[in-house]
>>> print(open('entry.cif').read())   # mmCIF, C-alpha atoms
data_input
loop_
_atom_site.label_atom_id
_atom_site.label_comp_id
_atom_site.auth_asym_id
_atom_site.auth_seq_id
_atom_site.Cartn_x
_atom_site.Cartn_y
_atom_site.Cartn_z
CA MET A 701 10.76 -30.28 -19.63
CA ASN A 702 7.92 -30.37 -17.06
CA ASP A 703 9.57 -32.71 -14.57
CA PRO A 704 9.19 -31.10 -11.10
CA LYS A 705 12.65 -32.37 -10.09
CA GLU A 706 14.23 -30.67 -13.11
CA HIS A 707 12.23 -27.55 -12.30
CA ASP A 708 13.68 -27.63 -8.78
CA GLU A 709 17.24 -28.12 -10.03
CA PHE A 710 16.87 -25.23 -12.43
CA ALA A 711 15.41 -23.03 -9.68
CA ALA A 712 18.26 -23.97 -7.33
CA LYS A 713 20.83 -22.97 -9.92
CA ALA A 714 19.00 -19.73 -10.65
CA LYS A 715 18.90 -19.02 -6.93
CA SER A 716 22.64 -19.57 -6.45
CA THR A 717 23.42 -17.38 -9.49
CA PHE A 718 21.16 -14.68 -8.09
CA ASP A 719 22.73 -14.93 -4.62
CA GLU A 720 26.18 -14.45 -6.15
CA SER A 721 24.98 -11.29 -7.87
CA VAL A 722 23.62 -10.05 -4.52
CA GLU A 723 27.05 -10.62 -2.97
CA ARG A 724 28.61 -8.54 -5.75
CA LEU A 725 26.59 -5.41 -4.94
CA ASP A 726 29.01 -2.51 -4.70
CA GLY A 727 29.67 -0.25 -1.75
CA ALA A 728 27.65 2.64 -3.16
CA ALA A 729 24.53 0.49 -3.39
CA LEU A 730 25.03 -0.91 0.11
CA SER A 731 25.50 2.60 1.47
CA ARG A 732 22.30 3.80 -0.22
CA LEU A 733 20.41 0.83 1.22
CA ASN A 734 21.76 1.57 4.68
CA GLN A 735 20.63 5.19 4.41
CA ALA A 736 17.22 4.14 3.10
CA ARG A 737 16.75 1.80 6.06
CA HIS A 738 17.59 4.52 8.54
CA VAL A 739 15.25 6.99 6.84
CA ALA A 740 12.47 4.40 7.03
CA LEU A 741 13.12 3.63 10.69
CA LYS A 742 13.08 7.32 11.58
CA ASN A 743 9.45 7.24 10.52
CA LEU A 744 8.65 4.56 13.09
CA GLU A 745 8.26 7.06 15.94
CA ASN A 746 6.02 9.30 13.83
CA ALA A 747 4.06 6.29 12.62
CA GLU A 748 3.45 5.13 16.19
CA ALA A 749 2.42 8.62 17.32
CA SER A 750 0.08 8.81 14.36
CA ALA A 751 -1.27 5.34 15.17
CA ASN A 752 -1.91 6.43 18.78
CA TRP A 753 -3.77 9.47 17.53
CA ARG A 754 -5.74 7.38 15.05
CA ARG A 755 -6.72 5.02 17.85
CA TRP A 756 -8.85 7.82 19.34
CA VAL A 757 -10.57 8.66 16.06
CA PRO A 758 -13.40 6.07 16.44
CA ALA A 759 -14.03 7.14 20.05
CA GLY A 760 -14.07 10.80 18.98
CA GLY A 761 -16.45 9.98 16.16
CA VAL A 762 -18.85 8.18 18.49
CA ALA A 763 -18.73 11.08 20.97
CA ALA A 764 -19.42 13.61 18.19
CA ILE A 765 -22.37 11.57 16.91
CA ALA A 766 -23.77 11.29 20.45
CA LEU A 767 -23.45 15.05 20.97
CA VAL A 768 -25.13 15.87 17.67
CA SER A 769 -27.91 13.37 18.42
CA VAL A 770 -28.60 14.97 21.83
CA LEU A 771 -28.68 18.45 20.30
CA VAL A 772 -31.00 17.37 17.50
CA LEU A 773 -33.36 15.43 19.76
CA ARG A 774 -33.62 18.03 22.51
CA GLY A 775 -33.34 21.04 20.27
CA PRO A 776 -32.83 24.60 21.48
CA GLU A 777 -35.25 25.95 24.15
CA VAL A 778 -37.40 28.13 21.88
CA ASP A 779 -40.69 29.61 23.08
CA SER A 780 -43.31 27.72 21.16
CA ILE A 781 -46.29 29.55 19.82
CA PRO A 782 -49.46 28.49 21.68
CA GLY A 783 -52.29 27.09 19.62
CA GLU A 784 -54.58 30.02 20.23
CA ALA A 785 -51.94 32.56 19.31
CA ALA A 786 -51.26 30.61 16.13
CA ALA A 787 -54.95 30.73 15.25
CA ASP A 788 -55.00 34.49 15.86
CA PHE A 789 -51.95 34.85 13.68
CA GLU A 790 -53.65 32.91 10.92
CA ILE A 791 -56.71 35.13 11.11
CA LEU A 792 -54.59 38.23 10.99
CA LEU A 793 -52.81 37.02 7.87
CA GLU A 794 -56.00 36.50 5.95
CA GLY A 795 -56.78 39.61 3.92
CA GLU A 796 -60.54 39.46 4.45
CA SER A 797 -60.19 39.74 8.22
CA LEU A 798 -58.59 43.17 8.03
CA GLU A 799 -62.02 44.63 8.71
CA MET A 800 -61.69 43.25 12.22
CA PHE A 801 -59.22 46.01 13.04
CA GLN A 802 -61.95 48.57 12.49
CA ASP A 803 -64.08 47.00 15.27
CA LEU A 804 -61.42 46.15 17.80
CA GLU A 805 -63.35 47.83 20.64
CA PHE A 806 -66.42 45.74 19.86
CA TYR A 807 -64.48 42.47 19.92
CA SER A 808 -62.78 43.49 23.12
CA TRP A 809 -66.19 44.15 24.70
CA ILE A 810 -67.47 40.69 23.59
CA ASP A 811 -64.41 39.02 25.00
CA GLU A 812 -64.88 40.73 28.38
CA ALA A 813 -68.59 39.97 28.38
CA GLU A 814 -67.93 36.21 27.79
CA PHE A 815 -65.34 36.24 30.53
CA SER A 816 -67.83 37.80 32.98
CA ALA A 817 -70.60 35.38 31.96
CA ASN A 818 -68.41 32.42 32.83
CA GLY A 819 -68.00 33.82 36.35
CA ASN A 820 -64.31 34.27 36.10
CA VAL A 821 -64.34 37.79 37.36
CA GLY A 822 -61.98 38.17 40.27
CA MET B 1098 -9.94 -7.90 10.19
CA GLU B 1099 -8.23 -6.10 7.36
CA LEU B 1100 -9.04 -7.16 3.83
CA ILE B 1101 -6.73 -6.64 0.91
CA GLU B 1102 -8.33 -6.53 -2.50
CA ALA B 1103 -6.87 -8.99 -4.94
CA SER B 1104 -7.39 -9.38 -8.65
CA THR B 1105 -9.30 -12.58 -7.98
CA GLY B 1106 -11.42 -11.32 -5.12
CA TYR B 1107 -10.72 -10.64 -1.44
CA PHE B 1108 -8.62 -12.37 1.13
CA ALA B 1109 -7.67 -11.69 4.70
CA VAL B 1110 -4.15 -10.78 5.69
CA SER B 1111 -4.43 -10.62 9.43
CA CYS B 1112 -6.17 -9.10 12.38
CA ARG B 1113 -3.33 -9.58 14.83
CA ARG B 1114 -1.59 -6.58 16.30
CA GLU B 1115 1.26 -6.63 18.72
CA PRO B 1116 0.98 -4.69 21.99
CA LYS B 1117 2.85 -1.37 22.06
CA THR B 1118 4.84 0.02 24.95
CA GLY B 1119 7.88 2.34 25.16
CA ALA B 1120 10.28 -0.58 25.43
CA GLY B 1121 8.22 -2.40 22.82
CA THR B 1122 8.82 0.41 20.34
CA LEU B 1123 12.57 0.11 20.78
CA GLN B 1124 12.42 -3.64 20.35
CA ARG B 1125 10.19 -3.23 17.30
CA GLU B 1126 12.71 -0.82 15.80
CA ARG B 1127 15.47 -3.40 16.31
CA GLN B 1128 13.35 -6.13 14.74
CA LEU B 1129 12.45 -3.93 11.78
CA ASN B 1130 16.08 -2.92 11.31
CA GLN B 1131 17.13 -6.56 11.31
CA PHE B 1132 14.36 -7.56 8.91
CA LEU B 1133 15.10 -4.74 6.47
CA ALA B 1134 18.84 -5.39 6.62
CA GLU B 1135 18.17 -9.03 5.74
CA VAL B 1136 15.94 -8.36 2.74
CA GLU B 1137 17.25 -5.08 1.35
CA ARG B 1138 19.97 -6.44 -0.93
CA ARG B 1139 17.83 -9.14 -2.49
CA ALA B 1140 14.98 -6.64 -2.76
CA LEU B 1141 17.28 -4.23 -4.60
CA ARG B 1142 18.37 -6.90 -7.09
CA ILE B 1143 14.77 -8.03 -7.63
CA ALA B 1144 13.65 -4.45 -8.25
CA GLN B 1145 16.70 -3.89 -10.45
CA ILE B 1146 15.86 -6.88 -12.63
CA ALA B 1147 12.26 -5.68 -12.91
CA VAL B 1148 12.97 -2.04 -13.81
CA ARG B 1149 16.52 -2.33 -15.21
CA ASP B 1150 17.69 0.84 -13.52
CA ARG B 1151 19.60 0.78 -10.24
CA ASP B 1152 18.70 4.27 -9.03
CA GLU B 1153 15.03 3.67 -9.72
CA ALA B 1154 15.32 0.30 -7.98
CA LEU B 1155 16.91 1.94 -4.93
CA ASP B 1156 14.06 4.47 -4.76
CA LEU B 1157 11.49 1.69 -5.02
CA VAL B 1158 13.14 -0.27 -2.21
CA GLN B 1159 13.34 2.83 0.00
CA ASN B 1160 9.65 3.60 -0.60
CA ALA B 1161 8.73 0.02 0.26
CA MET B 1162 10.73 0.26 3.50
CA ILE B 1163 9.04 3.52 4.48
CA LYS B 1164 5.57 2.22 3.71
CA LEU B 1165 6.18 -0.99 5.63
CA VAL B 1166 7.36 0.96 8.69
CA ASN B 1167 4.53 3.50 8.46
CA ASN B 1168 1.70 1.06 7.92
CA TYR B 1169 2.66 -2.40 9.08
CA ALA B 1170 5.24 -2.02 11.86
CA SER B 1171 2.70 -3.26 14.40
CA ARG B 1172 2.03 -6.47 12.48
CA ALA B 1173 3.54 -9.78 13.53
CA GLU B 1174 7.11 -10.18 12.29
CA ALA B 1175 6.24 -13.24 10.20
CA GLU B 1176 3.90 -11.10 8.09
CA TRP B 1177 6.55 -8.57 7.11
CA PRO B 1178 8.17 -10.44 4.18
CA PRO B 1179 5.00 -10.88 2.08
CA LEU B 1180 3.78 -7.39 3.01
CA PHE B 1181 7.13 -5.81 2.13
CA TYR B 1182 7.24 -7.57 -1.23
CA ARG B 1183 3.63 -6.72 -1.91
CA ILE B 1184 4.45 -3.04 -1.44
CA LEU B 1185 7.58 -3.40 -3.59
CA GLN B 1186 5.71 -5.23 -6.37
CA ASN B 1187 2.98 -2.57 -6.36
CA GLY B 1188 5.69 0.07 -6.64
CA ILE B 1189 7.27 -1.80 -9.57
CA ARG B 1190 3.92 -2.09 -11.36
CA ASP B 1191 3.24 1.62 -10.85
CA TRP B 1192 6.73 2.38 -12.14
CA HIS B 1193 6.07 0.37 -15.33
CA ARG B 1194 2.76 2.18 -15.86
CA ARG B 1195 4.45 5.56 -15.50
CA GLU B 1196 7.24 4.47 -17.85
CA LYS B 1197 4.74 3.41 -20.51
CA VAL B 1198 3.06 6.82 -20.36
CA ARG B 1199 6.43 8.60 -20.34
CA ASN B 1200 7.69 6.61 -23.31
CA ARG B 1201 4.51 7.31 -25.24
CA VAL B 1202 4.97 11.03 -24.63
CA MET B 1203 8.68 10.84 -25.55
CA VAL B 1204 7.87 8.97 -28.78
CA TRP B 1205 5.27 11.63 -29.55
CA PHE B 1206 7.99 14.25 -29.27
CA GLY B 1207 10.42 12.06 -31.24
CA ARG B 1208 12.69 11.18 -28.32
CA GLY B 1209 12.31 7.48 -27.54
CA LYS B 1210 14.29 6.04 -24.63
CA ALA B 1211 17.38 4.04 -25.43
CA ASP B 1212 16.81 0.49 -24.18
CA ASP B 1213 20.39 -0.52 -23.58
CA GLU B 1214 21.52 2.00 -20.97
CA TYR B 1215 21.64 -0.68 -18.30
CA ASP B 1216 24.98 -2.01 -17.07
CA VAL B 1217 24.34 -5.39 -15.48
CA VAL B 1218 27.77 -6.17 -14.07
CA ALA B 1219 28.72 -3.56 -11.56
CA ALA B 1220 32.41 -2.74 -11.61
CA ALA B 1221 33.20 -3.60 -8.02
CA PRO B 1222 35.71 -5.77 -6.17
CA ASP B 1223 34.39 -9.26 -5.51
CA PRO B 1224 33.69 -9.82 -1.80
CA ALA B 1225 33.94 -13.60 -2.33
CA GLY B 1226 37.53 -13.18 -3.57
CA ARG B 1227 37.05 -14.87 -6.95
CA SER B 1228 39.32 -14.37 -9.91
CA PRO B 1229 38.23 -11.93 -12.65
CA GLU B 1230 37.57 -14.94 -14.96
CA GLU B 1231 35.29 -16.58 -12.40
CA GLN B 1232 33.57 -13.28 -11.80
CA LEU B 1233 33.12 -12.79 -15.51
CA GLN B 1234 31.64 -16.27 -15.95
CA SER B 1235 29.30 -15.79 -13.00
CA GLY B 1236 28.42 -12.31 -14.19
CA GLN B 1237 27.61 -13.60 -17.65
CA ALA B 1238 25.41 -16.35 -16.24
CA MET B 1239 23.53 -13.79 -14.20
CA GLN B 1240 23.30 -11.46 -17.16
CA ARG B 1241 21.69 -14.18 -19.26
CA LEU B 1242 19.36 -15.15 -16.44
CA GLU B 1243 18.50 -11.52 -15.77
CA THR B 1244 17.70 -10.81 -19.42
CA ALA B 1245 15.55 -13.94 -19.62
CA VAL B 1246 13.70 -13.14 -16.38
CA HIS B 1247 13.12 -9.56 -17.48
CA GLY B 1248 11.61 -10.87 -20.73
CA LEU B 1249 8.94 -12.88 -18.89
CA PRO B 1250 5.37 -11.57 -18.61
CA ALA B 1251 5.08 -9.41 -15.48
CA ARG B 1252 3.10 -11.86 -13.35
CA GLN B 1253 5.36 -14.78 -14.22
CA ARG B 1254 8.40 -12.65 -13.44
CA GLU B 1255 6.97 -11.69 -10.05
CA ALA B 1256 6.11 -15.28 -9.16
CA PHE B 1257 9.53 -16.57 -10.23
CA MET B 1258 11.53 -13.89 -8.40
CA LEU B 1259 9.51 -14.09 -5.19
CA ARG B 1260 9.55 -17.90 -5.08
CA THR B 1261 13.09 -18.50 -6.31
CA PHE B 1262 15.14 -15.43 -5.44
CA GLU B 1263 13.41 -14.38 -2.23
CA GLY B 1264 12.37 -17.88 -1.19
CA LEU B 1265 8.79 -17.02 -0.24
CA ASP B 1266 6.42 -19.98 -0.01
CA VAL B 1267 3.30 -20.22 -2.18
CA ALA B 1268 1.05 -18.53 0.39
CA GLY B 1269 3.53 -15.70 0.99
CA THR B 1270 3.98 -15.19 -2.73
CA ALA B 1271 0.20 -15.12 -3.17
CA THR B 1272 -0.08 -12.41 -0.52
CA ALA B 1273 2.76 -10.43 -2.09
CA MET B 1274 1.23 -10.72 -5.57
CA GLY B 1275 -2.36 -10.23 -4.44
CA CYS B 1276 -3.65 -13.40 -6.07
CA SER B 1277 -4.60 -16.97 -5.20
CA ASP B 1278 -2.21 -19.82 -4.40
CA GLY B 1279 -3.33 -21.54 -7.62
CA SER B 1280 -2.40 -18.51 -9.72
CA VAL B 1281 1.04 -18.40 -8.11
CA LYS B 1282 1.64 -22.06 -8.96
CA THR B 1283 0.54 -21.53 -12.55
CA HIS B 1284 2.63 -18.37 -13.07
CA TYR B 1285 5.66 -19.95 -11.42
CA SER B 1286 5.46 -23.17 -13.41
CA ARG B 1287 5.10 -21.28 -16.69
CA ALA B 1288 8.00 -19.02 -15.77
CA VAL B 1289 10.36 -21.92 -15.03
CA HIS B 1290 9.27 -23.68 -18.20
CA ALA B 1291 9.91 -20.56 -20.31
CA LEU B 1292 13.28 -19.88 -18.68
CA ARG B 1293 14.47 -23.47 -19.12
CA GLU B 1294 13.48 -23.36 -22.76
CA GLN B 1295 15.34 -20.12 -23.27
CA LEU B 1296 18.45 -20.79 -21.20
CA GLY B 1297 18.71 -24.57 -21.25
CA ASP B 1298 19.33 -26.57 -18.10
CA HIS B 1299 23.04 -25.88 -17.89
CA TRP B 1300 23.51 -22.30 -18.89
CA GLU B 1301 26.75 -20.59 -17.92
#
>>> encode(input="entry.cif", output="structure tokens")
Amino acid sequence: MNDPKEHDEFAAKAKSTFDESVERLDGAALSRLNQARHVALKNLENAEASANWRRWVPAGGVAAIALVSVLVLRGPEVDSIPGEAAADFEILLEGESLEMFQDLEFYSWIDEAEFSANGNVG
Amino acid sequence: MELIEASTGYFAVSCRREPKTGAGTLQRERQLNQFLAEVERRALRIAQIAVRDRDEALDLVQNAMIKLVNNYASRAEAEWPPLFYRILQNGIRDWHRREKVRNRVMVWFGRGKADDEYDVVAAAPDPAGRSPEEQLQSGQAMQRLETAVHGLPARQREAFMLRTFEGLDVAGTATAMGCSDGSVKTHYSRAVHALREQLGDHWE
């Protein structure tokens, strides 16, 4: 039962029996197949247009990544807070330094005095 | 390179694509038309044996045609047969899964599907011009073969139909079934053995 030659003979007979049944397909089935083929081939143009569009997807992706990278690395041109101003801001936020507001004239005078002492007076 | 997942692991189908031009598209359409016209009738009979319903088989073949054109038209022509049958076999497997679920639901509601709705011998004039007796004999032989093939386990049935009916080689059958060459040989050999036991060597 396991002889390859007998296997082949059996397969050949099965094939010829099958082929005969294919030949006996009726007109309705052949017509449906013909229609199905034409429906499928109508999709070829759309499939190719879609494939052309898809071809640009990787390039578009790379361009988008490059653009995002540039934006992230450069960042928007925002005025940065200078170190001294940041220190002042920190002092102002501390509750204990609120007394400073009561002596603003005094601190202003000290500031001017230091400026004059350094010889920076115009 | 595109990889297709198989039950036994991964294997490559191809990385070749044909160049596309306007004239090339027209030529491709002609080639596809010729290819589909060559395989469609055998594909219908193979699907019909697998699902035992001609309308369902026609839908499966049409879906396979559409998917081949949509996804693989740019592939080399030699790759179309295994790809087409792979799509068709996947469709048949999905159909069987859906049927199982549907039948379970129908049984739940007390309406099981009658199993003998299928008419194997189509009432049509014989294009080969044989007498009704010859047709009947041939039809009966096919009916017996068809019943026996349908009774095989799914993978054996696929291997037998693709190798014997469609004439794909082992590698093409392996691609269509999504398994290794060795598995194809095993399934095919078991299928032939089972069919010969059931039908005998000289069934008519």
>>> resolve_selection(input="entry.cif", expression="the PyMOL selection byres ((chain B) within 6 of (chain A))", output="list in words")
Gln1159, Met1162, Ile1163, Val1166, Asn1167, Ala1221, Asp1223, Met1239, Thr1261 and Phe1262 of chain B
>>> resolve_selection(input="entry.cif", expression="the PyMOL selection byres ((chain B and resi 1270) around 12)", output="ChimeraX atom specification")
/B:1176,1178-1183,1186,1252-1269,1271-1282,1284-1285
>>> write_last_selection(input="entry.cif", atoms="C-alpha atoms", output="PDB file, in the coordinates of the input")
ATOM      1  CA  GLU B1176       3.900 -11.100   8.090  1.00  0.00           C
ATOM      2  CA  PRO B1178       8.170 -10.440   4.180  1.00  0.00           C
ATOM      3  CA  PRO B1179       5.000 -10.880   2.080  1.00  0.00           C
ATOM      4  CA  LEU B1180       3.780  -7.390   3.010  1.00  0.00           C
ATOM      5  CA  PHE B1181       7.130  -5.810   2.130  1.00  0.00           C
ATOM      6  CA  TYR B1182       7.240  -7.570  -1.230  1.00  0.00           C
ATOM      7  CA  ARG B1183       3.630  -6.720  -1.910  1.00  0.00           C
ATOM      8  CA  GLN B1186       5.710  -5.230  -6.370  1.00  0.00           C
ATOM      9  CA  ARG B1252       3.100 -11.860 -13.350  1.00  0.00           C
ATOM     10  CA  GLN B1253       5.360 -14.780 -14.220  1.00  0.00           C
ATOM     11  CA  ARG B1254       8.400 -12.650 -13.440  1.00  0.00           C
ATOM     12  CA  GLU B1255       6.970 -11.690 -10.050  1.00  0.00           C
ATOM     13  CA  ALA B1256       6.110 -15.280  -9.160  1.00  0.00           C
ATOM     14  CA  PHE B1257       9.530 -16.570 -10.230  1.00  0.00           C
ATOM     15  CA  MET B1258      11.530 -13.890  -8.400  1.00  0.00           C
ATOM     16  CA  LEU B1259       9.510 -14.090  -5.190  1.00  0.00           C
ATOM     17  CA  ARG B1260       9.550 -17.900  -5.080  1.00  0.00           C
ATOM     18  CA  THR B1261      13.090 -18.500  -6.310  1.00  0.00           C
ATOM     19  CA  PHE B1262      15.140 -15.430  -5.440  1.00  0.00           C
ATOM     20  CA  GLU B1263      13.410 -14.380  -2.230  1.00  0.00           C
ATOM     21  CA  GLY B1264      12.370 -17.880  -1.190  1.00  0.00           C
ATOM     22  CA  LEU B1265       8.790 -17.020  -0.240  1.00  0.00           C
ATOM     23  CA  ASP B1266       6.420 -19.980  -0.010  1.00  0.00           C
ATOM     24  CA  VAL B1267       3.300 -20.220  -2.180  1.00  0.00           C
ATOM     25  CA  ALA B1268       1.050 -18.530   0.390  1.00  0.00           C
ATOM     26  CA  GLY B1269       3.530 -15.700   0.990  1.00  0.00           C
ATOM     27  CA  ALA B1271       0.200 -15.120  -3.170  1.00  0.00           C
ATOM     28  CA  THR B1272      -0.080 -12.410  -0.520  1.00  0.00           C
ATOM     29  CA  ALA B1273       2.760 -10.430  -2.090  1.00  0.00           C
ATOM     30  CA  MET B1274       1.230 -10.720  -5.570  1.00  0.00           C
ATOM     31  CA  GLY B1275      -2.360 -10.230  -4.440  1.00  0.00           C
ATOM     32  CA  CYS B1276      -3.650 -13.400  -6.070  1.00  0.00           C
ATOM     33  CA  SER B1277      -4.600 -16.970  -5.200  1.00  0.00           C
ATOM     34  CA  ASP B1278      -2.210 -19.820  -4.400  1.00  0.00           C
ATOM     35  CA  GLY B1279      -3.330 -21.540  -7.620  1.00  0.00           C
ATOM     36  CA  SER B1280      -2.400 -18.510  -9.720  1.00  0.00           C
ATOM     37  CA  VAL B1281       1.040 -18.400  -8.110  1.00  0.00           C
ATOM     38  CA  LYS B1282       1.640 -22.060  -8.960  1.00  0.00           C
ATOM     39  CA  HIS B1284       2.630 -18.370 -13.070  1.00  0.00           C
ATOM     40  CA  TYR B1285       5.660 -19.950 -11.420  1.00  0.00           C
TER      41      TYR B1285
END
>>> atom_distance(input="entry.cif", atom1="atom CA of B:Ala1175", atom2="atom CA of B:Glu1135")
13.4 Å
>>> axis_aligned_box(input="entry.cif", around="stretch 809-817 of chain A", padding_each_side="8 Å", output="JSON")
{"center_x": -67.5, "center_y": 39.8, "center_z": 28.3, "size_x": 22.2, "size_y": 24.8, "size_z": 25.4}
>>> atom_distance(input="entry.cif", atom1="atom CA of B:Trp1192", atom2="atom CA of B:Ala1161")
12.8 Å
>>> decode(input="entry.cif", residues="stretch 754-773 of chain A", atoms="N, CA, C and O atoms", output="PDB file, in the first residue's frame")
ATOM      1  N   ARG A 754       1.766  54.367  -1.172  1.00  0.00           N
ATOM      2  CA  ARG A 754       2.463  53.728  -0.038  1.00  0.00           C
ATOM      3  C   ARG A 754       3.973  53.841  -0.172  1.00  0.00           C
ATOM      4  O   ARG A 754       4.690  53.863   0.811  1.00  0.00           O
ATOM      5  N   ARG A 755       4.448  53.935  -1.433  1.00  0.00           N
ATOM      6  CA  ARG A 755       5.888  54.020  -1.650  1.00  0.00           C
ATOM      7  C   ARG A 755       6.465  55.265  -0.993  1.00  0.00           C
ATOM      8  O   ARG A 755       7.606  55.322  -0.598  1.00  0.00           O
ATOM      9  N   TRP A 756       5.630  56.343  -0.886  1.00  0.00           N
ATOM     10  CA  TRP A 756       6.111  57.593  -0.303  1.00  0.00           C
ATOM     11  C   TRP A 756       5.972  57.620   1.211  1.00  0.00           C
ATOM     12  O   TRP A 756       6.457  58.538   1.861  1.00  0.00           O
ATOM     13  N   VAL A 757       5.310  56.635   1.769  1.00  0.00           N
ATOM     14  CA  VAL A 757       5.087  56.640   3.225  1.00  0.00           C
ATOM     15  C   VAL A 757       6.402  56.634   4.011  1.00  0.00           C
ATOM     16  O   VAL A 757       6.589  57.446   4.918  1.00  0.00           O
ATOM     17  N   PRO A 758       7.380  55.761   3.676  1.00  0.00           N
ATOM     18  CA  PRO A 758       8.635  55.780   4.436  1.00  0.00           C
ATOM     19  C   PRO A 758       9.349  57.120   4.326  1.00  0.00           C
ATOM     20  O   PRO A 758       9.851  57.648   5.324  1.00  0.00           O
ATOM     21  N   ALA A 759       9.373  57.704   3.106  1.00  0.00           N
ATOM     22  CA  ALA A 759      10.047  58.991   2.919  1.00  0.00           C
ATOM     23  C   ALA A 759       9.348  60.068   3.743  1.00  0.00           C
ATOM     24  O   ALA A 759      10.000  60.887   4.397  1.00  0.00           O
ATOM     25  N   GLY A 760       8.006  60.037   3.746  1.00  0.00           N
ATOM     26  CA  GLY A 760       7.236  61.005   4.531  1.00  0.00           C
ATOM     27  C   GLY A 760       7.507  60.840   6.010  1.00  0.00           C
ATOM     28  O   GLY A 760       7.650  61.823   6.750  1.00  0.00           O
ATOM     29  N   GLY A 761       7.611  59.602   6.443  1.00  0.00           N
ATOM     30  CA  GLY A 761       7.887  59.310   7.851  1.00  0.00           C
ATOM     31  C   GLY A 761       9.238  59.858   8.270  1.00  0.00           C
ATOM     32  O   GLY A 761       9.366  60.508   9.322  1.00  0.00           O
ATOM     33  N   VAL A 762      10.244  59.626   7.416  1.00  0.00           N
ATOM     34  CA  VAL A 762      11.597  60.121   7.723  1.00  0.00           C
ATOM     35  C   VAL A 762      11.590  61.642   7.787  1.00  0.00           C
ATOM     36  O   VAL A 762      12.179  62.247   8.707  1.00  0.00           O
ATOM     37  N   ALA A 763      10.899  62.285   6.831  1.00  0.00           N
ATOM     38  CA  ALA A 763      10.841  63.751   6.808  1.00  0.00           C
ATOM     39  C   ALA A 763      10.163  64.281   8.077  1.00  0.00           C
ATOM     40  O   ALA A 763      10.631  65.255   8.680  1.00  0.00           O
ATOM     41  N   ALA A 764       9.077  63.614   8.488  1.00  0.00           N
ATOM     42  CA  ALA A 764       8.348  64.058   9.683  1.00  0.00           C
ATOM     43  C   ALA A 764       9.223  63.929  10.925  1.00  0.00           C
ATOM     44  O   ALA A 764       9.266  64.829  11.766  1.00  0.00           O
ATOM     45  N   ILE A 765       9.965  62.795  10.998  1.00  0.00           N
ATOM     46  CA  ILE A 765      10.848  62.592  12.160  1.00  0.00           C
ATOM     47  C   ILE A 765      11.940  63.661  12.181  1.00  0.00           C
ATOM     48  O   ILE A 765      12.260  64.220  13.237  1.00  0.00           O
ATOM     49  N   ALA A 766      12.496  63.965  10.992  1.00  0.00           N
ATOM     50  CA  ALA A 766      13.550  64.984  10.913  1.00  0.00           C
ATOM     51  C   ALA A 766      13.012  66.331  11.371  1.00  0.00           C
ATOM     52  O   ALA A 766      13.664  67.043  12.143  1.00  0.00           O
ATOM     53  N   LEU A 767      11.803  66.683  10.929  1.00  0.00           N
ATOM     54  CA  LEU A 767      11.207  67.969  11.288  1.00  0.00           C
ATOM     55  C   LEU A 767      10.981  68.068  12.795  1.00  0.00           C
ATOM     56  O   LEU A 767      11.330  69.062  13.434  1.00  0.00           O
ATOM     57  N   VAL A 768      10.418  66.991  13.354  1.00  0.00           N
ATOM     58  CA  VAL A 768      10.158  66.983  14.803  1.00  0.00           C
ATOM     59  C   VAL A 768      11.467  67.087  15.575  1.00  0.00           C
ATOM     60  O   VAL A 768      11.572  67.813  16.567  1.00  0.00           O
ATOM     61  N   SER A 769      12.498  66.369  15.090  1.00  0.00           N
ATOM     62  CA  SER A 769      13.796  66.400  15.763  1.00  0.00           C
ATOM     63  C   SER A 769      14.356  67.814  15.785  1.00  0.00           C
ATOM     64  O   SER A 769      14.854  68.289  16.812  1.00  0.00           O
ATOM     65  N   VAL A 770      14.281  68.503  14.625  1.00  0.00           N
ATOM     66  CA  VAL A 770      14.809  69.879  14.545  1.00  0.00           C
ATOM     67  C   VAL A 770      14.062  70.773  15.519  1.00  0.00           C
ATOM     68  O   VAL A 770      14.653  71.543  16.267  1.00  0.00           O
ATOM     69  N   LEU A 771      12.730  70.639  15.540  1.00  0.00           N
ATOM     70  CA  LEU A 771      11.924  71.494  16.426  1.00  0.00           C
ATOM     71  C   LEU A 771      12.254  71.238  17.889  1.00  0.00           C
ATOM     72  O   LEU A 771      12.374  72.158  18.685  1.00  0.00           O
ATOM     73  N   VAL A 772      12.429  69.941  18.216  1.00  0.00           N
ATOM     74  CA  VAL A 772      12.715  69.606  19.622  1.00  0.00           C
ATOM     75  C   VAL A 772      14.096  70.094  20.017  1.00  0.00           C
ATOM     76  O   VAL A 772      14.290  70.663  21.096  1.00  0.00           O
ATOM     77  N   LEU A 773      15.083  69.894  19.139  1.00  0.00           N
ATOM     78  CA  LEU A 773      16.457  70.262  19.482  1.00  0.00           C
ATOM     79  C   LEU A 773      16.652  71.774  19.568  1.00  0.00           C
ATOM     80  O   LEU A 773      17.306  72.274  20.475  1.00  0.00           O
TER      81      LEU A 773
END
